[in-house]
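J.: To be precise about what I am sending: the file is called data-v2.txt and holds compact mmCIF, C-alpha atoms and all ligand atoms.
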```txt
# COMPACT_ATOMS: atom_id res chain seq x y z
CA MET S 419 65.84 96.51 96.94
CA ALA S 420 68.57 97.09 94.35
CA ASP S 421 67.79 97.11 90.61
CA ALA S 422 68.62 94.01 88.54
CA PRO S 423 72.36 93.38 88.09
CA ARG S 424 73.90 94.81 84.89
CA TYR S 425 76.35 91.95 84.47
CA LYS S 426 75.72 88.25 83.77
CA ARG S 427 79.14 86.89 84.72
CA ILE S 428 81.54 88.53 87.16
CA LEU S 429 85.02 87.92 88.47
CA LEU S 430 85.37 89.19 92.01
CA LYS S 431 88.83 89.78 93.46
CA ALA S 432 88.85 89.97 97.25
CA SER S 433 92.22 90.85 98.72
CA GLY S 434 93.51 88.93 101.70
CA GLU S 435 93.84 92.17 103.64
CA ALA S 436 90.17 92.92 103.13
CA LEU S 437 89.34 89.54 104.76
CA MET S 438 91.43 90.57 107.76
CA GLY S 439 89.02 93.39 108.73
CA GLN S 440 90.30 95.17 111.86
CA LYS S 441 92.49 92.23 112.85
CA ALA S 442 96.29 92.41 112.53
CA PHE S 443 96.56 89.00 110.86
CA GLY S 444 94.44 86.15 109.52
CA ILE S 445 90.74 85.97 108.78
CA ASP S 446 87.92 87.92 110.40
CA GLN S 447 85.06 85.43 110.28
CA ASP S 448 82.47 88.23 110.32
CA ILE S 449 84.00 89.75 107.15
CA CYS S 450 84.17 86.32 105.53
CA LYS S 451 80.50 85.77 106.38
CA ARG S 452 79.60 89.19 105.03
CA LEU S 453 81.40 88.52 101.75
CA ALA S 454 79.57 85.17 101.48
CA GLU S 455 76.19 86.87 102.06
CA ASP S 456 77.03 89.48 99.43
CA VAL S 457 77.91 86.77 96.93
CA ARG S 458 74.77 84.81 97.80
CA THR S 459 72.56 87.82 97.01
CA VAL S 460 73.89 88.22 93.47
CA TRP S 461 74.14 84.44 92.92
CA GLU S 462 70.43 84.18 93.79
CA GLN S 463 69.78 86.89 91.19
CA GLY S 464 71.30 84.54 88.62
CA VAL S 465 74.72 86.16 88.28
CA SER S 466 77.51 83.71 87.40
CA VAL S 467 80.36 84.29 89.89
CA GLY S 468 84.09 83.52 89.91
CA ILE S 469 86.16 84.67 92.90
CA VAL S 470 89.93 85.11 93.15
CA ILE S 471 91.05 85.40 96.72
CA GLY S 472 94.34 87.00 97.84
CA GLY S 473 96.66 85.89 100.61
CA GLY S 474 98.25 89.08 101.94
CA ASN S 475 96.49 88.71 105.31
CA ILE S 476 98.63 85.62 105.93
CA PHE S 477 101.76 85.79 103.79
CA ARG S 478 103.37 87.70 100.92
CA GLY S 479 106.37 86.31 99.05
CA VAL S 480 108.08 89.68 99.05
CA GLN S 481 108.42 89.44 102.88
CA VAL S 482 110.83 86.55 102.37
CA ALA S 483 112.73 88.33 99.60
CA ASN S 484 113.05 91.51 101.70
CA THR S 485 114.75 89.60 104.50
CA GLY S 486 117.28 87.92 102.22
CA GLY S 487 115.30 84.72 101.58
CA ASP S 488 114.35 83.00 98.34
CA ARG S 489 111.57 84.84 96.48
CA VAL S 490 110.27 81.78 94.67
CA THR S 491 109.82 79.85 97.93
CA GLY S 492 108.23 82.93 99.45
CA ASP S 493 105.78 83.16 96.57
CA HIS S 494 104.93 79.47 96.97
CA MET S 495 104.12 80.23 100.61
CA GLY S 496 102.01 83.20 99.51
CA MET S 497 100.06 81.01 97.08
CA LEU S 498 99.45 78.48 99.88
CA ALA S 499 98.05 81.36 101.95
CA THR S 500 95.48 82.02 99.21
CA VAL S 501 94.41 78.37 99.44
CA MET S 502 93.73 78.80 103.18
CA ASN S 503 91.58 81.86 102.45
CA ALA S 504 89.78 79.99 99.66
CA LEU S 505 88.88 77.16 102.05
CA ALA S 506 87.60 79.65 104.63
CA LEU S 507 85.49 81.36 101.99
CA ARG S 508 84.17 78.02 100.68
CA THR S 509 83.03 77.17 104.21
CA ALA S 510 81.31 80.54 104.61
CA LEU S 511 79.62 80.25 101.20
CA ARG S 512 78.39 76.72 101.89
CA GLN S 513 77.05 77.84 105.27
CA ALA S 514 75.20 80.60 103.41
CA GLY S 515 73.65 77.95 101.14
CA VAL S 516 75.72 78.73 98.05
CA ASP S 517 76.84 75.85 95.82
CA CYS S 518 80.56 76.42 95.29
CA VAL S 519 83.87 74.78 94.51
CA VAL S 520 87.55 75.65 95.03
CA LEU S 521 89.87 75.15 92.04
CA SER S 522 93.60 75.56 92.65
CA ALA S 523 96.27 76.60 90.17
CA LEU S 524 98.67 74.34 92.12
CA ALA S 525 97.75 70.65 92.40
CA MET S 526 96.74 69.55 95.89
CA GLU S 527 94.29 66.80 95.19
CA GLU S 528 93.52 65.84 98.79
CA ILE S 529 92.24 69.37 99.40
CA CYS S 530 90.57 70.58 96.21
CA ASP S 531 90.41 70.06 92.45
CA SER S 532 92.98 71.63 90.16
CA PHE S 533 92.10 74.55 87.90
CA THR S 534 91.38 73.99 84.25
CA GLN S 535 89.45 76.43 82.11
CA ARG S 536 87.26 73.54 80.89
CA SER S 537 86.18 72.37 84.33
CA THR S 538 85.67 75.98 85.42
CA MET S 539 83.23 76.61 82.58
CA ALA S 540 81.34 73.41 83.42
CA HIS S 541 81.02 74.45 87.10
CA LEU S 542 79.89 77.97 86.18
CA GLU S 543 77.37 76.64 83.68
CA ALA S 544 76.01 74.30 86.37
CA GLY S 545 75.40 77.40 88.50
CA ARG S 546 78.26 76.90 90.95
CA VAL S 547 80.37 79.73 92.32
CA VAL S 548 84.03 79.00 91.54
CA ILE S 549 86.73 80.15 93.98
CA PHE S 550 90.14 80.29 92.32
CA ALA S 551 93.01 79.50 94.70
CA ALA S 552 96.82 79.74 94.36
CA GLY S 553 96.73 82.80 92.10
CA THR S 554 98.19 82.13 88.68
CA GLY S 555 100.27 79.22 90.04
CA ASN S 556 103.47 81.13 89.18
CA PRO S 557 105.87 83.06 91.39
CA PHE S 558 106.44 86.79 90.69
CA PHE S 559 102.74 87.25 89.97
CA THR S 560 99.93 88.51 92.17
CA THR S 561 96.32 87.60 92.75
CA ASP S 562 95.26 90.85 91.05
CA THR S 563 96.85 89.55 87.86
CA ALA S 564 95.29 86.13 88.47
CA ALA S 565 91.92 87.88 88.74
CA ALA S 566 92.33 89.66 85.41
CA LEU S 567 93.53 86.44 83.79
CA ARG S 568 90.64 84.35 85.12
CA ALA S 569 88.20 87.13 84.17
CA ALA S 570 89.43 86.85 80.57
CA GLU S 571 89.38 83.03 80.65
CA ILE S 572 85.77 82.78 81.90
CA GLY S 573 84.53 85.60 79.67
CA ALA S 574 83.56 87.79 82.63
CA ASP S 575 81.59 90.96 81.85
CA VAL S 576 83.39 92.82 84.64
CA LEU S 577 86.33 92.49 87.02
CA LEU S 578 85.48 93.72 90.51
CA LYS S 579 88.03 94.51 93.16
CA ALA S 580 86.55 94.41 96.67
CA THR S 581 88.98 96.22 98.90
CA GLN S 582 89.30 98.53 101.91
CA VAL S 583 88.72 101.78 100.01
CA ASP S 584 85.64 102.88 98.06
CA GLY S 585 87.24 103.49 94.68
CA ILE S 586 90.26 104.69 92.78
CA TYR S 587 91.85 107.92 94.04
CA SER S 588 94.51 110.27 92.68
CA ALA S 589 96.83 108.80 95.37
CA ASP S 590 96.53 106.16 98.09
CA PRO S 591 93.67 107.56 100.23
CA GLN S 592 94.93 105.67 103.29
CA LYS S 593 98.12 107.77 103.15
CA ASN S 594 96.88 111.01 101.50
CA PRO S 595 93.71 112.45 103.04
CA ASP S 596 93.58 115.03 100.21
CA ALA S 597 93.48 112.41 97.44
CA GLU S 598 90.55 112.87 95.03
CA ARG S 599 88.23 110.03 94.13
CA PHE S 600 87.30 109.23 90.52
CA ASP S 601 83.81 108.05 89.57
CA VAL S 602 85.12 106.93 86.19
CA ILE S 603 88.70 106.62 84.91
CA SER S 604 90.17 104.82 81.88
CA HIS S 605 92.58 101.86 82.02
CA GLU S 606 95.14 104.09 80.27
CA ASN S 607 94.84 106.81 82.88
CA VAL S 608 95.16 104.35 85.78
CA LEU S 609 98.38 103.09 84.19
CA ALA S 610 99.73 106.51 83.14
CA ARG S 611 99.14 108.02 86.59
CA GLY S 612 100.65 104.98 88.31
CA LEU S 613 97.60 104.48 90.55
CA ARG S 614 98.45 101.47 92.69
CA VAL S 615 95.00 100.22 93.67
CA MET S 616 95.60 97.25 91.37
CA ASP S 617 98.77 95.89 89.77
CA THR S 618 99.72 97.37 86.43
CA ALA S 619 99.85 93.88 84.90
CA ALA S 620 96.25 93.24 85.99
CA VAL S 621 95.02 96.56 84.58
CA ALA S 622 96.85 95.88 81.30
CA VAL S 623 95.33 92.38 80.95
CA ALA S 624 91.84 93.80 81.59
CA ARG S 625 92.44 96.61 79.09
CA ASP S 626 93.67 94.24 76.37
CA SER S 627 90.72 91.88 76.93
CA HIS S 628 88.25 94.81 76.96
CA ILE S 629 87.06 94.01 80.47
CA PRO S 630 85.77 96.87 82.64
CA ILE S 631 87.04 97.12 86.23
CA ILE S 632 85.06 98.22 89.27
CA VAL S 633 86.77 99.07 92.56
CA TYR S 634 84.57 99.24 95.68
CA SER S 635 84.74 98.78 99.43
CA LEU S 636 83.92 95.38 100.85
CA LEU S 637 82.24 97.14 103.76
CA GLN S 638 79.98 99.43 101.79
CA GLU S 639 76.26 99.74 102.35
CA GLY S 640 74.23 97.84 99.72
CA GLY S 641 77.12 95.46 99.11
CA LEU S 642 77.98 93.78 95.85
CA ALA S 643 74.36 93.76 94.60
CA GLY S 644 74.24 97.55 94.90
CA VAL S 645 77.48 97.94 92.96
CA LEU S 646 76.30 95.56 90.22
CA SER S 647 73.08 97.48 89.79
CA GLY S 648 75.06 100.71 89.42
CA GLU S 649 73.83 102.21 92.71
CA GLY S 650 76.63 101.56 95.15
CA ARG S 651 79.67 103.82 95.57
CA HIS S 652 82.49 102.66 93.35
CA THR S 653 84.93 103.67 90.61
CA LEU S 654 84.29 102.33 87.11
CA VAL S 655 87.08 101.73 84.60
CA PRO S 656 85.00 101.20 81.44
CA ALA S 657 85.93 98.77 78.67
CA ASP S 658 87.56 100.41 75.66
N1 LIG S 701 95.28 105.45 93.76
C1 LIG S 701 94.74 104.64 94.67
N2 LIG S 701 93.39 104.58 94.80
C2 LIG S 701 92.84 103.75 95.70
N3 LIG S 701 93.54 102.94 96.52
C3 LIG S 701 94.89 102.96 96.43
C4 LIG S 701 95.55 103.80 95.50
N4 LIG S 701 96.86 103.61 95.63
C5 LIG S 701 97.04 102.69 96.57
N5 LIG S 701 95.85 102.30 97.08
C6 LIG S 701 95.72 101.30 98.15
O1 LIG S 701 95.53 100.03 97.53
C7 LIG S 701 94.77 99.24 98.40
C8 LIG S 701 94.09 98.19 97.57
O2 LIG S 701 94.92 97.18 97.41
P1 LIG S 701 94.76 95.96 98.44
O3 LIG S 701 93.34 95.80 98.83
O4 LIG S 701 95.77 96.11 99.52
O5 LIG S 701 95.01 94.87 97.51
P2 LIG S 701 96.33 94.11 97.25
O6 LIG S 701 96.57 93.45 98.57
O7 LIG S 701 95.87 93.18 96.18
O8 LIG S 701 97.35 95.11 96.86
C9 LIG S 701 93.79 100.17 99.04
O9 LIG S 701 93.42 99.72 100.32
C10 LIG S 701 94.52 101.50 99.07
O10 LIG S 701 95.01 101.80 100.35
O1 LIG S 702 99.96 84.25 90.90
C1 LIG S 702 100.38 84.46 92.05
C2 LIG S 702 99.55 85.00 93.07
C3 LIG S 702 100.08 85.17 94.34
N1 LIG S 702 101.38 84.83 94.62
C4 LIG S 702 101.91 84.95 95.99
O2 LIG S 702 100.85 84.99 96.91
C5 LIG S 702 100.95 86.15 97.75
C6 LIG S 702 99.58 86.61 98.15
O3 LIG S 702 98.90 87.18 97.04
P1 LIG S 702 98.57 88.74 96.95
O4 LIG S 702 99.70 89.54 97.51
O5 LIG S 702 98.17 89.03 95.56
O6 LIG S 702 97.33 88.81 97.90
P2 LIG S 702 96.43 90.08 98.33
O7 LIG S 702 97.32 91.30 98.28
O8 LIG S 702 95.35 90.18 97.33
O9 LIG S 702 95.92 89.74 99.69
C7 LIG S 702 101.75 87.12 96.91
O10 LIG S 702 102.39 88.08 97.73
C8 LIG S 702 102.74 86.20 96.22
O11 LIG S 702 103.80 85.87 97.11
C9 LIG S 702 102.20 84.33 93.61
O12 LIG S 702 103.36 84.03 93.83
N2 LIG S 702 101.66 84.15 92.35
```
Represent the structure of the file as structure tokens.
T.:
Amino acid sequence: MADAPRYKRILLKASGEALMGQKAFGIDQDICKRLAEDVRTVWEQGVSVGIVIGGGNIFRGVQVANTGGDRVTGDHMGMLATVMNALALRTALRQAGVDCVVLSALAMEEICDSFTQRSTMAHLEAGRVVIFAAGTGNPFFTTDTAAALRAAEIGADVLLKATQVDGIYSADPQKNPDAERFDVISHENVLARGLRVMDTAAVAVARDSHIPIIVYSLLQEGGLAGVLSGEGRHTLVPAD
């Protein structure tokens, strides 16, 4: 049994690719279920949870731009992909018994409520997990930046990035087997070294709002609860 969580309110960013698991496209339901179970464990410990979900497992706007298409339309498609993932995660969370709601940065009232900071705070204070869909609602941004932004807006104590690697390395560990892993690294160093585990804009927003970042693997033993109690393998970017 993990120790008590060190954080009262968290913002968890789960990338679309992490939801894909070993599949080439789309959502691996087992991973989705696992993420939901992980969230349930910390939610039952009383942690207030916001989740920003990516869309890269389905669509990225840059794919359109790279083939000569319109970037803004592509980014709209990417944001719609995040809504699909948010609905899948809501289903998995509800099946796990977690009270949760999806709030979208783009209005789509037949599907879910729209994001406002006010309604978000009310949901969190009522003990609901809030899943933020459609990123920031703006093209040319990413869900990493949306995660840092929402973390600042909800007053999160930490921004967690659940991904496919177990921390921040000196280079992409999926391409460089010799890359070295950091236990702790500053926001400044992540930016200065150009470490691409998270967007620079996201790291800068977290730095300026004095929010620590934790990067960990979605598949790691002990899950989110372990990371929040300081036991699980992860890299910490401490608040300044
Ligand atoms: N310095 C680094 N340390 C850790 N991971 C890195 C680094 N540089 C690049 N990466 C890659 O970034 C990925 C994390 O981003 P990812 O989960 O794909 O999120 P996103 O889709 O939001 O970019 C990791 O799977 C890893 O392969
Ligand atoms: O604020 C945002 C967030 C996302 N996107 C689009 O949505 C796609 C999916 O998001 P992201 O790449 O961040 O997902 P992840 O890599 O986390 O799966 C991006 O490629 C963008 O096209 C966007 O336009 N604005």
J.: Residues at most 10 Å from ligand LIG 702 (chain S), using only C-alpha atoms and all ligand atoms? Could they come as an MDAnalysis selection string?
T.: chainID S and resid 431:438 470:483 489:501 503 523 551:565 567 579:581 616:617
J.: Around all the atoms of ligand LIG 701 (chain S) listed in the file, draw an axis-aligned box and extend it by 5 Å on each of the six sides; I want its centre and edge lengths in Å to one decimal, as AutoDock Vina command-line options.
T.:
```
--center_x 95.1 --center_y 99.3 --center_z 97.1 --size_x 14.5 --size_y 22.3 --size_z 16.6
```
J.: Per residue of chain S within 6 Å of ligand LIG 701 (chain S), record the nearest atom pair and its distance in Å to one decimal, counting only C-alpha atoms and all ligand atoms, with rows in chain order and ascending residue number, as CSV.
T.:
```
residue,atom,partner,partner_atom,distance
S:Ser433,CA,S:LIG701,O7,5.0
S:Glu435,CA,S:LIG701,O6,5.9
S:Gly474,CA,S:LIG701,O6,5.8
S:Asp562,CA,S:LIG701,O7,5.7
S:Thr581,CA,S:LIG701,O3,4.4
S:Gln582,CA,S:LIG701,O9,4.6
S:Val583,CA,S:LIG701,O9,5.1
S:Gly585,CA,S:LIG701,C2,5.7
S:Ile586,CA,S:LIG701,N2,3.7
S:Tyr587,CA,S:LIG701,N2,3.8
S:Ser588,CA,S:LIG701,N1,5.0
S:Ala589,CA,S:LIG701,N1,4.0
S:Asp590,CA,S:LIG701,N4,3.6
S:Pro591,CA,S:LIG701,O10,5.9
S:Gln592,CA,S:LIG701,O10,4.9
S:Leu613,CA,S:LIG701,N1,4.1
S:Arg614,CA,S:LIG701,N4,4.0
S:Val615,CA,S:LIG701,C3,3.9
```
J.: Which polymer residues have any atom within 9 Å of an atom of stretch 505-512 of chain S, counting all atoms listed in the file, with same-chain residues fewer than 5 positions away left out, as a ChimeraX atom specification?
T.: /S:445,447,450-455,457-458,471,500,517-520,529-530,547,549,551
J.: Taking C-alpha atoms for each residue, export the selection above as a tab-separated table (two decimals), in the coordinates of the input.
T.:
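Result file is part_27.tsv:
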```
chain	number	residue	atom	x	y	z
S	445	ILE	CA	90.74	85.97	108.78
S	447	GLN	CA	85.06	85.43	110.28
S	450	CYS	CA	84.17	86.32	105.53
S	451	LYS	CA	80.50	85.77	106.38
S	452	ARG	CA	79.60	89.19	105.03
S	453	LEU	CA	81.40	88.52	101.75
S	454	ALA	CA	79.57	85.17	101.48
S	455	GLU	CA	76.19	86.87	102.06
S	457	VAL	CA	77.91	86.77	96.93
S	458	ARG	CA	74.77	84.81	97.80
S	471	ILE	CA	91.05	85.40	96.72
S	500	THR	CA	95.48	82.02	99.21
S	517	ASP	CA	76.84	75.85	95.82
S	518	CYS	CA	80.56	76.42	95.29
S	519	VAL	CA	83.87	74.78	94.51
S	520	VAL	CA	87.55	75.65	95.03
S	529	ILE	CA	92.24	69.37	99.40
S	530	CYS	CA	90.57	70.58	96.21
S	547	VAL	CA	80.37	79.73	92.32
S	549	ILE	CA	86.73	80.15	93.98
S	551	ALA	CA	93.01	79.50	94.70
```
J.: Quick one: pull the distance between atom CA of S:Asp584 and atom CA of S:Leu609, Å, one decimal.
T.: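 A separation of 18.8 Å between them.
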J.: What would stretch 432-444 of chain S look like with N, CA and C atoms restored, written as a PDB file, in the frame of the given file?
T.:
```
ATOM      1  N   ALA S 432      88.868  89.494  95.861  1.00  0.00           N
ATOM      2  CA  ALA S 432      88.850  89.970  97.250  1.00  0.00           C
ATOM      3  C   ALA S 432      90.263  89.834  97.794  1.00  0.00           C
ATOM      4  N   SER S 433      90.834  90.933  98.239  1.00  0.00           N
ATOM      5  CA  SER S 433      92.220  90.850  98.720  1.00  0.00           C
ATOM      6  C   SER S 433      92.236  90.201 100.103  1.00  0.00           C
ATOM      7  N   GLY S 434      93.349  89.567 100.398  1.00  0.00           N
ATOM      8  CA  GLY S 434      93.510  88.930 101.700  1.00  0.00           C
ATOM      9  C   GLY S 434      93.358  89.954 102.816  1.00  0.00           C
ATOM     10  N   GLU S 435      93.914  91.145 102.589  1.00  0.00           N
ATOM     11  CA  GLU S 435      93.840  92.170 103.640  1.00  0.00           C
ATOM     12  C   GLU S 435      92.414  92.588 103.925  1.00  0.00           C
ATOM     13  N   ALA S 436      91.570  92.565 102.898  1.00  0.00           N
ATOM     14  CA  ALA S 436      90.170  92.920 103.130  1.00  0.00           C
ATOM     15  C   ALA S 436      89.518  91.873 104.049  1.00  0.00           C
ATOM     16  N   LEU S 437      89.908  90.605 103.912  1.00  0.00           N
ATOM     17  CA  LEU S 437      89.340  89.540 104.760  1.00  0.00           C
ATOM     18  C   LEU S 437      89.761  89.675 106.221  1.00  0.00           C
ATOM     19  N   MET S 438      90.852  90.426 106.419  1.00  0.00           N
ATOM     20  CA  MET S 438      91.430  90.570 107.760  1.00  0.00           C
ATOM     21  C   MET S 438      90.602  91.509 108.638  1.00  0.00           C
ATOM     22  N   GLY S 439      89.814  92.412 107.983  1.00  0.00           N
ATOM     23  CA  GLY S 439      89.020  93.390 108.730  1.00  0.00           C
ATOM     24  C   GLY S 439      89.899  94.223 109.639  1.00  0.00           C
ATOM     25  N   GLN S 440      89.518  94.356 110.908  1.00  0.00           N
ATOM     26  CA  GLN S 440      90.300  95.170 111.860  1.00  0.00           C
ATOM     27  C   GLN S 440      91.399  94.350 112.534  1.00  0.00           C
ATOM     28  N   LYS S 441      91.470  93.057 112.204  1.00  0.00           N
ATOM     29  CA  LYS S 441      92.490  92.230 112.850  1.00  0.00           C
ATOM     30  C   LYS S 441      93.878  92.538 112.263  1.00  0.00           C
ATOM     31  N   ALA S 442      94.939  92.144 112.996  1.00  0.00           N
ATOM     32  CA  ALA S 442      96.290  92.410 112.530  1.00  0.00           C
ATOM     33  C   ALA S 442      96.786  91.302 111.607  1.00  0.00           C
ATOM     34  N   PHE S 443      96.091  90.173 111.614  1.00  0.00           N
ATOM     35  CA  PHE S 443      96.560  89.000 110.860  1.00  0.00           C
ATOM     36  C   PHE S 443      95.378  88.036 110.704  1.00  0.00           C
ATOM     37  N   GLY S 444      95.398  87.247 109.647  1.00  0.00           N
ATOM     38  CA  GLY S 444      94.440  86.150 109.520  1.00  0.00           C
ATOM     39  C   GLY S 444      93.068  86.572 109.008  1.00  0.00           C
TER      40      GLY S 444
END
```
